[in-house]
$ cat work28.pdb   # PDB, C-alpha atoms and all ligand atoms
MODEL        1
ATOM      1  CA  MET A   1       3.760   2.723 -31.241
ATOM      2  CA  SER A   2       3.036   2.112 -27.602
ATOM      3  CA  LYS A   3       1.684   4.694 -25.157
ATOM      4  CA  VAL A   4       3.364   5.165 -21.822
ATOM      5  CA  VAL A   5       1.121   6.532 -19.072
ATOM      6  CA  ALA A   6       2.454   7.706 -15.689
ATOM      7  CA  LEU A   7       0.110   7.612 -12.687
ATOM      8  CA  ALA A   8       1.522  10.377 -10.540
ATOM      9  CA  ASN A   9       0.669  12.374  -7.447
ATOM     10  CA  GLN A  10       3.181  13.105  -4.705
ATOM     11  CA  LYS A  11       0.415  12.725  -2.133
ATOM     12  CA  GLY A  12       0.269   9.243  -0.610
ATOM     13  CA  GLY A  13      -2.770   6.965  -0.651
ATOM     14  CA  VAL A  14      -4.716   8.685  -3.422
ATOM     15  CA  GLY A  15      -5.180   5.599  -5.589
ATOM     16  CA  LYS A  16      -2.162   5.590  -7.929
ATOM     17  CA  THR A  17      -1.461   1.896  -7.503
ATOM     18  CA  THR A  18      -5.140   0.872  -7.496
ATOM     19  CA  SER A  19      -5.659   2.863 -10.689
ATOM     20  CA  THR A  20      -2.562   1.336 -12.299
ATOM     21  CA  ILE A  21      -3.606  -2.279 -11.748
ATOM     22  CA  ASN A  22      -7.251  -1.732 -12.619
ATOM     23  CA  LEU A  23      -6.400   0.166 -15.806
ATOM     24  CA  ALA A  24      -3.871  -2.492 -16.799
ATOM     25  CA  TYR A  25      -6.533  -5.207 -16.486
ATOM     26  CA  ALA A  26      -9.189  -3.066 -18.204
ATOM     27  CA  LEU A  27      -6.854  -2.420 -21.170
ATOM     28  CA  ALA A  28      -5.940  -6.122 -21.359
ATOM     29  CA  GLN A  29      -9.632  -7.073 -21.359
ATOM     30  CA  LYS A  30     -10.100  -4.730 -24.313
ATOM     31  CA  GLY A  31      -7.516  -6.708 -26.264
ATOM     32  CA  LYS A  32      -4.589  -4.323 -25.676
ATOM     33  CA  ARG A  33      -1.157  -5.591 -24.637
ATOM     34  CA  ALA A  34      -0.576  -3.925 -21.257
ATOM     35  CA  LEU A  35       2.494  -3.700 -19.049
ATOM     36  CA  ALA A  36       2.471  -2.180 -15.548
ATOM     37  CA  VAL A  37       5.792  -0.955 -14.156
ATOM     38  CA  ASP A  38       6.174  -0.613 -10.396
ATOM     39  CA  CYS A  39       8.277   2.545  -9.913
ATOM     40  CA  ASP A  40       7.718   2.670  -6.144
ATOM     41  CA  PRO A  41      10.186   1.152  -3.636
ATOM     42  CA  GLN A  42       7.174   0.257  -1.453
ATOM     43  CA  GLY A  43       6.368  -2.423  -4.047
ATOM     44  CA  SER A  44       2.593  -2.055  -3.533
ATOM     45  CA  LEU A  45       1.810  -2.717  -7.182
ATOM     46  CA  THR A  46       3.928  -5.859  -7.053
ATOM     47  CA  ILE A  47       1.958  -6.990  -3.990
ATOM     48  CA  TYR A  48      -1.381  -6.053  -5.600
ATOM     49  CA  PHE A  49      -0.376  -8.317  -8.506
ATOM     50  CA  GLY A  50       0.119 -11.125  -5.971
ATOM     51  CA  PHE A  51       3.947 -11.274  -5.929
ATOM     52  CA  SER A  52       6.427 -10.967  -3.072
ATOM     53  CA  PRO A  53       8.814  -7.989  -3.463
ATOM     54  CA  ASP A  54      11.241  -9.569  -0.969
ATOM     55  CA  GLU A  55      11.547 -12.832  -2.878
ATOM     56  CA  LEU A  56      11.965 -10.980  -6.160
ATOM     57  CA  GLU A  57      14.573  -8.720  -4.566
ATOM     58  CA  ASP A  58      16.577 -11.745  -3.421
ATOM     59  CA  ALA A  59      16.457 -13.050  -6.971
ATOM     60  CA  GLU A  60      17.537  -9.594  -8.273
ATOM     61  CA  ARG A  61      14.434  -9.479 -10.459
ATOM     62  CA  THR A  62      13.058  -5.999  -9.751
ATOM     63  CA  LEU A  63      13.223  -2.606 -11.483
ATOM     64  CA  TYR A  64      16.242  -1.438  -9.461
ATOM     65  CA  PHE A  65      18.443  -4.037 -11.123
ATOM     66  CA  SER A  66      17.585  -2.595 -14.530
ATOM     67  CA  LEU A  67      17.666   1.105 -13.601
ATOM     68  CA  VAL A  68      20.965   1.014 -11.780
ATOM     69  CA  GLY A  69      22.322  -2.395 -12.806
ATOM     70  CA  ASP A  70      22.530  -3.880 -16.259
ATOM     71  CA  LYS A  71      19.602  -6.333 -16.289
ATOM     72  CA  PRO A  72      17.551  -5.843 -19.468
ATOM     73  CA  MET A  73      14.056  -4.740 -18.523
ATOM     74  CA  GLU A  74      12.654  -7.571 -20.608
ATOM     75  CA  SER A  75      14.196 -10.125 -18.234
ATOM     76  CA  LEU A  76      12.157  -8.683 -15.339
ATOM     77  CA  VAL A  77       8.709  -9.060 -16.886
ATOM     78  CA  LEU A  78       6.277 -11.279 -14.962
ATOM     79  CA  GLY A  79       3.001 -12.664 -16.334
ATOM     80  CA  GLU A  80       1.414 -12.220 -19.740
ATOM     81  CA  ASN A  81      -1.336  -9.661 -20.098
ATOM     82  CA  PRO A  82      -1.253  -7.505 -18.148
ATOM     83  CA  ALA A  83       2.431  -8.065 -17.512
ATOM     84  CA  LEU A  84       4.359  -6.546 -14.618
ATOM     85  CA  VAL A  85       7.848  -5.216 -14.010
ATOM     86  CA  PRO A  86       8.059  -5.510 -10.198
ATOM     87  CA  ALA A  87       9.769  -3.303  -7.611
ATOM     88  CA  SER A  88      11.314  -3.898  -4.222
ATOM     89  CA  ILE A  89      12.804  -1.854  -1.419
ATOM     90  CA  SER A  90      16.231  -1.550  -3.041
ATOM     91  CA  LEU A  91      14.641   0.851  -5.526
ATOM     92  CA  ALA A  92      14.873   3.412  -2.723
ATOM     93  CA  ASN A  93      18.637   3.328  -3.284
ATOM     94  CA  ALA A  94      18.144   4.160  -6.933
ATOM     95  CA  GLU A  95      17.452   7.857  -6.292
ATOM     96  CA  PRO A  96      20.800   8.659  -4.667
ATOM     97  CA  GLU A  97      22.555   6.378  -7.126
ATOM     98  CA  LEU A  98      20.881   8.103 -10.070
ATOM     99  CA  LEU A  99      21.731  11.480  -8.541
ATOM    100  CA  VAL A 100      25.424  10.804  -8.614
ATOM    101  CA  ARG A 101      25.292  10.080 -12.338
ATOM    102  CA  ILE A 102      25.796  13.006 -14.678
ATOM    103  CA  MET A 103      22.813  15.244 -13.942
ATOM    104  CA  SER A 104      21.853  15.747 -17.569
ATOM    105  CA  SER A 105      21.070  12.087 -18.049
ATOM    106  CA  SER A 106      19.864  10.904 -14.661
ATOM    107  CA  GLN A 107      16.246  11.857 -15.411
ATOM    108  CA  LYS A 108      16.221   9.822 -18.608
ATOM    109  CA  VAL A 109      17.401   6.443 -17.389
ATOM    110  CA  LEU A 110      13.939   4.802 -17.268
ATOM    111  CA  ARG A 111      13.101   6.165 -20.720
ATOM    112  CA  GLU A 112      16.325   4.725 -22.162
ATOM    113  CA  LYS A 113      15.937   1.375 -20.396
ATOM    114  CA  MET A 114      12.346   1.002 -21.626
ATOM    115  CA  LYS A 115      13.261   1.534 -25.284
ATOM    116  CA  ALA A 116      13.923  -2.122 -26.002
ATOM    117  CA  ILE A 117      10.612  -3.242 -24.480
ATOM    118  CA  ARG A 118       8.259  -0.460 -25.624
ATOM    119  CA  ASP A 119       7.102  -1.883 -28.894
ATOM    120  CA  GLN A 120       5.978  -5.145 -27.330
ATOM    121  CA  TYR A 121       3.090  -3.349 -25.595
ATOM    122  CA  ASP A 122       0.226  -1.060 -26.537
ATOM    123  CA  TYR A 123       0.156   0.571 -23.095
ATOM    124  CA  ILE A 124       2.773   0.833 -20.382
ATOM    125  CA  LEU A 125       1.496   2.171 -17.059
ATOM    126  CA  LEU A 126       4.038   3.618 -14.626
ATOM    127  CA  ASP A 127       2.959   3.537 -10.972
ATOM    128  CA  CYS A 128       4.850   6.385  -9.273
ATOM    129  CA  PRO A 129       5.891   6.708  -5.618
ATOM    130  CA  PRO A 130       4.361   9.428  -3.406
ATOM    131  CA  SER A 131       7.119  11.987  -3.960
ATOM    132  CA  LEU A 132       8.402  14.335  -6.624
ATOM    133  CA  GLY A 133      11.863  12.795  -6.468
ATOM    134  CA  LEU A 134      13.932  11.349  -9.270
ATOM    135  CA  LEU A 135      11.808   8.193  -9.638
ATOM    136  CA  THR A 136       8.682  10.243 -10.419
ATOM    137  CA  ILE A 137      10.748  12.569 -12.645
ATOM    138  CA  ASN A 138      12.095   9.509 -14.505
ATOM    139  CA  ALA A 139       8.510   8.280 -15.007
ATOM    140  CA  LEU A 140       7.336  11.694 -16.268
ATOM    141  CA  VAL A 141      10.290  11.927 -18.658
ATOM    142  CA  ALA A 142       9.550   8.421 -19.959
ATOM    143  CA  ALA A 143       5.785   9.017 -20.332
ATOM    144  CA  ASP A 144       3.588  10.273 -23.161
ATOM    145  CA  LEU A 145       0.644  10.871 -20.840
ATOM    146  CA  VAL A 146       0.081  11.438 -17.160
ATOM    147  CA  ILE A 147      -3.015  10.630 -15.118
ATOM    148  CA  VAL A 148      -3.264  12.339 -11.732
ATOM    149  CA  PRO A 149      -5.352  10.341  -9.238
ATOM    150  CA  VAL A 150      -6.725  12.563  -6.461
ATOM    151  CA  LYS A 151      -8.709  11.541  -3.449
ATOM    152  CA  THR A 152     -11.751  13.739  -2.997
ATOM    153  CA  ASP A 153     -10.448  15.274   0.190
ATOM    154  CA  ASN A 154      -9.055  18.743   0.570
ATOM    155  CA  LEU A 155      -5.465  17.814   1.197
ATOM    156  CA  SER A 156      -5.052  15.642  -1.867
ATOM    157  CA  PHE A 157      -5.910  18.395  -4.275
ATOM    158  CA  HIS A 158      -3.534  20.827  -2.572
ATOM    159  CA  GLY A 159      -0.425  19.275  -4.092
ATOM    160  CA  VAL A 160      -1.755  19.153  -7.638
ATOM    161  CA  ALA A 161      -0.626  22.704  -8.478
ATOM    162  CA  ARG A 162       2.915  21.759  -7.475
ATOM    163  CA  LEU A 163       2.738  18.600  -9.581
ATOM    164  CA  PHE A 164       1.504  20.629 -12.558
ATOM    165  CA  GLN A 165       4.475  23.017 -12.158
ATOM    166  CA  THR A 166       6.804  20.033 -12.304
ATOM    167  CA  ILE A 167       4.989  18.680 -15.363
ATOM    168  CA  GLU A 168       5.326  22.090 -17.077
ATOM    169  CA  GLN A 169       9.052  22.185 -16.323
ATOM    170  CA  ILE A 170       9.470  18.733 -17.808
ATOM    171  CA  GLN A 171       7.417  19.701 -20.866
ATOM    172  CA  GLY A 172       9.635  22.759 -21.336
ATOM    173  CA  ASP A 173      12.839  20.810 -21.208
ATOM    174  CA  LEU A 174      13.165  17.056 -20.997
ATOM    175  CA  ASN A 175       9.894  15.794 -22.485
ATOM    176  CA  PRO A 176       8.080  18.351 -24.675
ATOM    177  CA  THR A 177       5.429  15.844 -25.819
ATOM    178  CA  LEU A 178       4.201  14.934 -22.310
ATOM    179  CA  ARG A 179       0.445  15.540 -21.987
ATOM    180  CA  VAL A 180      -1.907  15.470 -19.008
ATOM    181  CA  ALA A 181      -4.559  12.842 -19.864
ATOM    182  CA  GLY A 182      -6.630  13.950 -16.897
ATOM    183  CA  ILE A 183      -7.355  14.130 -13.223
ATOM    184  CA  LEU A 184      -8.950  10.989 -11.809
ATOM    185  CA  PRO A 185     -10.957  11.564  -8.609
ATOM    186  CA  THR A 186     -10.847   8.396  -6.510
ATOM    187  CA  GLN A 187     -12.452   7.051  -3.342
ATOM    188  CA  TYR A 188     -15.449   9.301  -3.955
ATOM    189  CA  ASN A 189     -18.566   8.935  -1.854
ATOM    190  CA  PRO A 190     -21.483  10.497  -3.748
ATOM    191  CA  ARG A 191     -23.557  10.704  -0.541
ATOM    192  CA  ASN A 192     -20.900  12.696   1.308
ATOM    193  CA  LEU A 193     -21.425  16.461   1.145
ATOM    194  CA  HIS A 194     -17.718  17.149   1.665
ATOM    195  CA  ASP A 195     -16.699  14.898  -1.236
ATOM    196  CA  ASN A 196     -19.150  16.722  -3.482
ATOM    197  CA  GLU A 197     -17.868  20.123  -2.405
ATOM    198  CA  ILE A 198     -14.301  19.085  -3.142
ATOM    199  CA  LEU A 199     -15.228  17.680  -6.539
ATOM    200  CA  THR A 200     -17.033  20.912  -7.433
ATOM    201  CA  GLY A 201     -13.989  22.873  -6.194
ATOM    202  CA  VAL A 202     -11.650  20.809  -8.383
ATOM    203  CA  ARG A 203     -13.894  21.371 -11.408
ATOM    204  CA  GLN A 204     -13.971  25.139 -10.709
ATOM    205  CA  ALA A 205     -10.219  25.357 -10.109
ATOM    206  CA  LEU A 206      -9.537  23.739 -13.467
ATOM    207  CA  ALA A 207     -12.393  25.382 -15.380
ATOM    208  CA  GLY A 208     -10.120  27.699 -17.367
ATOM    209  CA  GLN A 209      -7.627  24.993 -18.271
ATOM    210  CA  SER A 210      -7.979  22.280 -20.830
ATOM    211  CA  VAL A 211      -7.481  19.517 -18.289
ATOM    212  CA  GLN A 212      -9.952  16.656 -18.446
ATOM    213  CA  ILE A 213     -11.528  15.517 -15.180
ATOM    214  CA  PHE A 214     -12.587  11.887 -15.456
ATOM    215  CA  ASP A 215     -15.783  10.648 -13.823
ATOM    216  CA  PRO A 216     -14.888   9.774 -10.230
ATOM    217  CA  VAL A 217     -14.134   6.251  -9.038
ATOM    218  CA  ASN A 218     -16.488   5.604  -6.135
ATOM    219  CA  ARG A 219     -15.272   4.550  -2.717
ATOM    220  CA  SER A 220     -15.829   0.818  -2.387
ATOM    221  CA  THR A 221     -14.680  -1.998  -0.142
ATOM    222  CA  VAL A 222     -13.921  -4.162  -3.194
ATOM    223  CA  PHE A 223     -10.520  -2.496  -3.550
ATOM    224  CA  ASP A 224      -9.235  -3.459  -0.115
ATOM    225  CA  LYS A 225     -10.711  -6.928  -0.566
ATOM    226  CA  ALA A 226      -8.900  -7.324  -3.871
ATOM    227  CA  THR A 227      -5.629  -6.128  -2.345
ATOM    228  CA  SER A 228      -5.850  -8.612   0.488
ATOM    229  CA  LEU A 229      -6.429 -11.431  -2.026
ATOM    230  CA  GLY A 230      -3.589 -10.275  -4.306
ATOM    231  CA  LEU A 231      -6.074 -10.056  -7.170
ATOM    232  CA  PRO A 232      -7.254  -7.160  -9.340
ATOM    233  CA  THR A 233     -10.648  -5.723  -8.460
ATOM    234  CA  ILE A 234     -11.727  -6.472 -12.011
ATOM    235  CA  ALA A 235     -11.300 -10.196 -11.311
ATOM    236  CA  ILE A 236     -13.299 -10.371  -8.093
ATOM    237  CA  SER A 237     -16.011  -7.833  -8.855
ATOM    238  CA  PRO A 238     -16.197  -7.332 -12.610
ATOM    239  CA  GLY A 239     -19.591  -5.611 -12.642
ATOM    240  CA  SER A 240     -19.039  -3.131  -9.815
ATOM    241  CA  ALA A 241     -19.477   0.580 -10.497
ATOM    242  CA  SER A 242     -15.882   1.301  -9.457
ATOM    243  CA  VAL A 243     -14.527  -1.211 -11.942
ATOM    244  CA  LEU A 244     -16.707   0.217 -14.705
ATOM    245  CA  SER A 245     -15.181   3.634 -13.966
ATOM    246  CA  TYR A 246     -11.760   2.211 -14.765
ATOM    247  CA  HIS A 247     -13.139   0.784 -18.013
ATOM    248  CA  GLN A 248     -14.262   4.312 -18.924
ATOM    249  CA  VAL A 249     -10.789   5.697 -18.260
ATOM    250  CA  ALA A 250      -9.275   2.865 -20.309
ATOM    251  CA  ASP A 251     -11.663   3.728 -23.170
ATOM    252  CA  SER A 252     -10.662   7.381 -23.078
ATOM    253  CA  LEU A 253      -6.984   6.396 -23.163
ATOM    254  CA  ILE A 254      -7.725   4.242 -26.202
ATOM    255  CA  ASN A 255      -9.645   7.088 -27.860
ATOM    256  CA  LEU A 256      -6.871   9.656 -27.290
ATOM    257  CA  SER A 257      -4.914   9.983 -30.489
TER
HETATM  258  N1  LIG B 301     -12.127   3.750  -5.005
HETATM  259  C1  LIG B 301     -11.646   3.257  -3.830
HETATM  260  N2  LIG B 301     -12.506   2.941  -2.820
HETATM  261  C2  LIG B 301     -12.040   2.465  -1.642
HETATM  262  N3  LIG B 301     -10.752   2.241  -1.352
HETATM  263  C3  LIG B 301      -9.865   2.533  -2.324
HETATM  264  C4  LIG B 301     -10.242   3.044  -3.608
HETATM  265  N4  LIG B 301      -9.118   3.239  -4.344
HETATM  266  C5  LIG B 301      -8.088   2.859  -3.551
HETATM  267  N5  LIG B 301      -8.516   2.433  -2.339
HETATM  268  C6  LIG B 301      -7.712   1.964  -1.202
HETATM  269  O1  LIG B 301      -6.951   3.067  -0.727
HETATM  270  C7  LIG B 301      -5.660   2.644  -0.317
HETATM  271  C8  LIG B 301      -4.572   3.439  -1.045
HETATM  272  O2  LIG B 301      -4.675   3.160  -2.448
HETATM  273  P1  LIG B 301      -3.384   3.015  -3.340
HETATM  274  O3  LIG B 301      -2.395   2.066  -2.751
HETATM  275  O4  LIG B 301      -3.843   2.748  -4.755
HETATM  276  O5  LIG B 301      -2.824   4.522  -3.248
HETATM  277  P2  LIG B 301      -1.412   5.091  -3.751
HETATM  278  O6  LIG B 301      -1.647   6.479  -4.232
HETATM  279  O7  LIG B 301      -0.799   4.149  -4.716
HETATM  280  O8  LIG B 301      -0.579   5.098  -2.371
HETATM  281  P3  LIG B 301       1.002   5.405  -2.193
HETATM  282  O9  LIG B 301       1.134   6.863  -2.379
HETATM  283  O10 LIG B 301       1.329   4.919  -0.811
HETATM  284  O11 LIG B 301       1.699   4.627  -3.272
HETATM  285  C9  LIG B 301      -5.607   1.144  -0.589
HETATM  286  O12 LIG B 301      -5.899   0.475   0.619
HETATM  287  C10 LIG B 301      -6.713   0.914  -1.624
HETATM  288  O13 LIG B 301      -7.269  -0.399  -1.540
HETATM  289 MG    MG B 302       1.135   3.292  -4.614
ENDMDL
END

$ encode --input "work28.pdb" --output "structure tokens"
Amino acid sequence: MSKVVALANQKGGVGKTTSTINLAYALAQKGKRALAVDCDPQGSLTIYFGFSPDELEDAERTLYFSLVGDKPMESLVLGENPALVPASISLANAEPELLVRIMSSSQKVLREKMKAIRDQYDYILLDCPPSLGLLTINALVAADLVIVPVKTDNLSFHGVARLFQTIEQIQGDLNPTLRVAGILPTQYNPRNLHDNEILTGVRQALAGQSVQIFDPVNRSTVFDKATSLGLPTIAISPGSASVLSYHQVADSLINLS
């Protein structure tokens, strides 16, 4: 049975997409069949994988055409392992279009559409947009696990309580088996006092709860370099500390029963 993992945080720029692609490659390198699904109309994950959202949109080969149209999700898959279901700007139209469907089912569309494809993969990673709108809700309803990337700055952690409320609502209603796999601090600079204070604050804030905090992913220029080359960081800098952090997260996903 495959595991579906949503990478969610309504705050922008915290490392959701970077974490999605790096985890997908780390899982694939460990012999797992991995699929990354771009659930963000910005199409960043699609670009990080080296594809053009505009060209794929013209060919009607992005997630929108499965969520709102009748393309089977399988027909959208690009590449082998990790594979990708790409997104493009039209996905932004999906939220209002999903809204006008009967409310009781509009949160479950992604889950339903993924059914036919699920068993072909060991892990499916859902890269969420920076909002708590219907696309993120669809991802959280479709997921077994959620990873919350947070940048080690004050503002990023602020929204996590709100995200947790949403997760609890979804657990109480639409997806009782959803679990928080952990918080993943990203873009961390161990020499920066402020980053360390924030990390300590996050650990204290969550001390009473059974939420795992992964070891932080250090700030590194390899990520921007990888993005500009349309390659995963794991391919251009396999031994870097930041990449090894993603291997650790991949291992803990594999070890979660
Ligand atoms: N550990 C890191 N060190 C340095 N830069 C990083 C790191 N992780 C991510 N970045 C950079 O930070 C920027 C934002 O990352 P990313 O696109 O993954 O965030 P996001 O949460 O997906 O953003 P959005 O909310 O817009 O979808 C990118 O330019 C990425 O290369
Ligand atoms: Mg993103």

$ resolve_selection --input "work28.pdb" --expression "the PyMOL selection byres (((not hetatm)) within 8 of (chain B and resi 302))" --output "PDB file with C-alpha atoms, in the coordinates of the input"
ATOM      1  CA  GLY A  12       0.269   9.243  -0.610  1.00  0.00           C
ATOM      2  CA  GLY A  13      -2.770   6.965  -0.651  1.00  0.00           C
ATOM      3  CA  GLY A  15      -5.180   5.599  -5.589  1.00  0.00           C
ATOM      4  CA  LYS A  16      -2.162   5.590  -7.929  1.00  0.00           C
ATOM      5  CA  THR A  17      -1.461   1.896  -7.503  1.00  0.00           C
ATOM      6  CA  THR A  18      -5.140   0.872  -7.496  1.00  0.00           C
ATOM      7  CA  ASP A  40       7.718   2.670  -6.144  1.00  0.00           C
ATOM      8  CA  GLN A  42       7.174   0.257  -1.453  1.00  0.00           C
ATOM      9  CA  GLY A  43       6.368  -2.423  -4.047  1.00  0.00           C
ATOM     10  CA  SER A  44       2.593  -2.055  -3.533  1.00  0.00           C
ATOM     11  CA  LEU A  45       1.810  -2.717  -7.182  1.00  0.00           C
ATOM     12  CA  ASP A 127       2.959   3.537 -10.972  1.00  0.00           C
ATOM     13  CA  CYS A 128       4.850   6.385  -9.273  1.00  0.00           C
ATOM     14  CA  PRO A 129       5.891   6.708  -5.618  1.00  0.00           C
ATOM     15  CA  PRO A 130       4.361   9.428  -3.406  1.00  0.00           C
TER      16      PRO A 130
END

$ axis_aligned_box --input "work28.pdb" --around "ligand LIG 301 (chain B)" --padding-each-side "8 Å" --output "JSON"
{"center_x": -5.4, "center_y": 3.2, "center_z": -2.2, "size_x": 30.2, "size_y": 23.3, "size_z": 21.6}

$ residues_around --input "work28.pdb" --residues "Tyr25 of chain A" --least-positions-apart "3" --cutoff "12 Å" --atoms "only C-alpha atoms" --output "CSV table (one decimal) with C-alpha atoms, in the coordinates of the input"
chain,number,residue,atom,x,y,z
A,18,THR,CA,-5.1,0.9,-7.5
A,19,SER,CA,-5.7,2.9,-10.7
A,20,THR,CA,-2.6,1.3,-12.3
A,21,ILE,CA,-3.6,-2.3,-11.7
A,22,ASN,CA,-7.3,-1.7,-12.6
A,28,ALA,CA,-5.9,-6.1,-21.4
A,29,GLN,CA,-9.6,-7.1,-21.4
A,30,LYS,CA,-10.1,-4.7,-24.3
A,31,GLY,CA,-7.5,-6.7,-26.3
A,32,LYS,CA,-4.6,-4.3,-25.7
A,33,ARG,CA,-1.2,-5.6,-24.6
A,34,ALA,CA,-0.6,-3.9,-21.3
A,35,LEU,CA,2.5,-3.7,-19.0
A,36,ALA,CA,2.5,-2.2,-15.5
A,49,PHE,CA,-0.4,-8.3,-8.5
A,80,GLU,CA,1.4,-12.2,-19.7
A,81,ASN,CA,-1.3,-9.7,-20.1
A,82,PRO,CA,-1.3,-7.5,-18.1
A,83,ALA,CA,2.4,-8.1,-17.5
A,84,LEU,CA,4.4,-6.5,-14.6
A,123,TYR,CA,0.2,0.6,-23.1
A,124,ILE,CA,2.8,0.8,-20.4
A,125,LEU,CA,1.5,2.2,-17.1
A,231,LEU,CA,-6.1,-10.1,-7.2
A,232,PRO,CA,-7.3,-7.2,-9.3
A,233,THR,CA,-10.6,-5.7,-8.5
A,234,ILE,CA,-11.7,-6.5,-12.0
A,235,ALA,CA,-11.3,-10.2,-11.3
A,236,ILE,CA,-13.3,-10.4,-8.1
A,238,PRO,CA,-16.2,-7.3,-12.6
A,243,VAL,CA,-14.5,-1.2,-11.9
A,244,LEU,CA,-16.7,0.2,-14.7
A,246,TYR,CA,-11.8,2.2,-14.8
A,247,HIS,CA,-13.1,0.8,-18.0
A,249,VAL,CA,-10.8,5.7,-18.3
A,250,ALA,CA,-9.3,2.9,-20.3

$ atom_distance --input "work28.pdb" --atom1 "atom C6 of ligand LIG 301 (chain B)" --atom2 "atom CA of Thr227 of chain A"
8.4 Å

$ closest_residue --input "work28.pdb" --among "A:Gly182, A:Pro190, A:Gly50, A:Gly208" --to "Leu253 of chain A" --atoms "all atoms listed in the file"
A:Gly182

$ atom_distance --input "work28.pdb" --atom1 "atom CA of Asp38 of chain A" --atom2 "atom CA of Ile137 of chain A"
14.1 Å

$ residues_around --input "work28.pdb" --residues "Pro149 of chain A" --least-positions-apart "2" --cutoff "9 Å" --atoms "only C-alpha atoms" --output "list in words"
Leu7, Ala8, Asn9, Val14, Gly15, Lys16, Ser19, Ile147, Lys151, Gly182, Ile183, Leu184, Pro185 and Thr186 of chain A

$ residues_around --input "work28.pdb" --residues "Lys115 of chain A" --least-positions-apart "5" --cutoff "10 Å" --atoms "only C-alpha atoms" --output "PyMOL selection string"
chain A and resi 73+110+142

$ residues_near_point --input "work28.pdb" --point "(4.4, 15.5, -20.3)" --cutoff "7 Å" --atoms "all atoms listed in the file" --output "number ranges by chain"
A: 140, 143-146, 167, 170-171, 175-180

$ closest_residue --input "work28.pdb" --among "A:Leu67, A:Gln120, A:Ser131, A:Leu78" --to "Lys108 of chain A" --atoms "only C-alpha atoms"
A:Leu67

$ closest_residue --input "work28.pdb" --among "A:Ala161, A:Leu23, A:Met114, A:Ile198" --to "ligand LIG 301 (chain B)" --atoms "all atoms listed in the file"
A:Leu23

$ resolve_selection --input "work28.pdb" --expression "the PyMOL selection byres (((chain A and resi 195-197) around 12) and not hetatm)" --output "list in words"
Val150, Lys151, Thr152, Asp153, Asn154, Leu155, Ser156, Phe157, Pro185, Thr186, Gln187, Tyr188, Asn189, Pro190, Arg191, Asn192, Leu193, His194, Ile198, Leu199, Thr200, Gly201, Val202, Arg203, Gln204, Pro216, Val217, Asn218 and Arg219 of chain A

$ write_last_selection --input "work28.pdb" --atoms "C-alpha atoms" --output "PDB file, in the coordinates of the input"
ATOM      1  CA  VAL A 150      -6.725  12.563  -6.461  1.00  0.00           C
ATOM      2  CA  LYS A 151      -8.709  11.541  -3.449  1.00  0.00           C
ATOM      3  CA  THR A 152     -11.751  13.739  -2.997  1.00  0.00           C
ATOM      4  CA  ASP A 153     -10.448  15.274   0.190  1.00  0.00           C
ATOM      5  CA  ASN A 154      -9.055  18.743   0.570  1.00  0.00           C
ATOM      6  CA  LEU A 155      -5.465  17.814   1.197  1.00  0.00           C
ATOM      7  CA  SER A 156      -5.052  15.642  -1.867  1.00  0.00           C
ATOM      8  CA  PHE A 157      -5.910  18.395  -4.275  1.00  0.00           C
ATOM      9  CA  PRO A 185     -10.957  11.564  -8.609  1.00  0.00           C
ATOM     10  CA  THR A 186     -10.847   8.396  -6.510  1.00  0.00           C
ATOM     11  CA  GLN A 187     -12.452   7.051  -3.342  1.00  0.00           C
ATOM     12  CA  TYR A 188     -15.449   9.301  -3.955  1.00  0.00           C
ATOM     13  CA  ASN A 189     -18.566   8.935  -1.854  1.00  0.00           C
ATOM     14  CA  PRO A 190     -21.483  10.497  -3.748  1.00  0.00           C
ATOM     15  CA  ARG A 191     -23.557  10.704  -0.541  1.00  0.00           C
ATOM     16  CA  ASN A 192     -20.900  12.696   1.308  1.00  0.00           C
ATOM     17  CA  LEU A 193     -21.425  16.461   1.145  1.00  0.00           C
ATOM     18  CA  HIS A 194     -17.718  17.149   1.665  1.00  0.00           C
ATOM     19  CA  ILE A 198     -14.301  19.085  -3.142  1.00  0.00           C
ATOM     20  CA  LEU A 199     -15.228  17.680  -6.539  1.00  0.00           C
ATOM     21  CA  THR A 200     -17.033  20.912  -7.433  1.00  0.00           C
ATOM     22  CA  GLY A 201     -13.989  22.873  -6.194  1.00  0.00           C
ATOM     23  CA  VAL A 202     -11.650  20.809  -8.383  1.00  0.00           C
ATOM     24  CA  ARG A 203     -13.894  21.371 -11.408  1.00  0.00           C
ATOM     25  CA  GLN A 204     -13.971  25.139 -10.709  1.00  0.00           C
ATOM     26  CA  PRO A 216     -14.888   9.774 -10.230  1.00  0.00           C
ATOM     27  CA  VAL A 217     -14.134   6.251  -9.038  1.00  0.00           C
ATOM     28  CA  ASN A 218     -16.488   5.604  -6.135  1.00  0.00           C
ATOM     29  CA  ARG A 219     -15.272   4.550  -2.717  1.00  0.00           C
TER      30      ARG A 219
END

$ atom_distance --input "work28.pdb" --atom1 "atom CA of Gln169 of chain A" --atom2 "atom CA of Leu91 of chain A"
24.6 Å

$ closest_residue --input "work28.pdb" --among "A:Ile254, A:Leu132, A:Val222, A:Val141" --to "ligand LIG 301 (chain B)" --atoms "all atoms listed in the file"
A:Val222

$ closest_residue --input "work28.pdb" --among "A:Leu256, A:Leu163, A:Ala24, A:Cys39" --to "ligand LIG 301 (chain B)" --atoms "only C-alpha atoms and all ligand atoms"
A:Cys39

$ closest_residue --input "work28.pdb" --among "A:Thr221, A:Ser240, A:Thr62, A:Gln165" --to "ligand LIG 301 (chain B)" --atoms "only C-alpha atoms and all ligand atoms"
A:Thr221
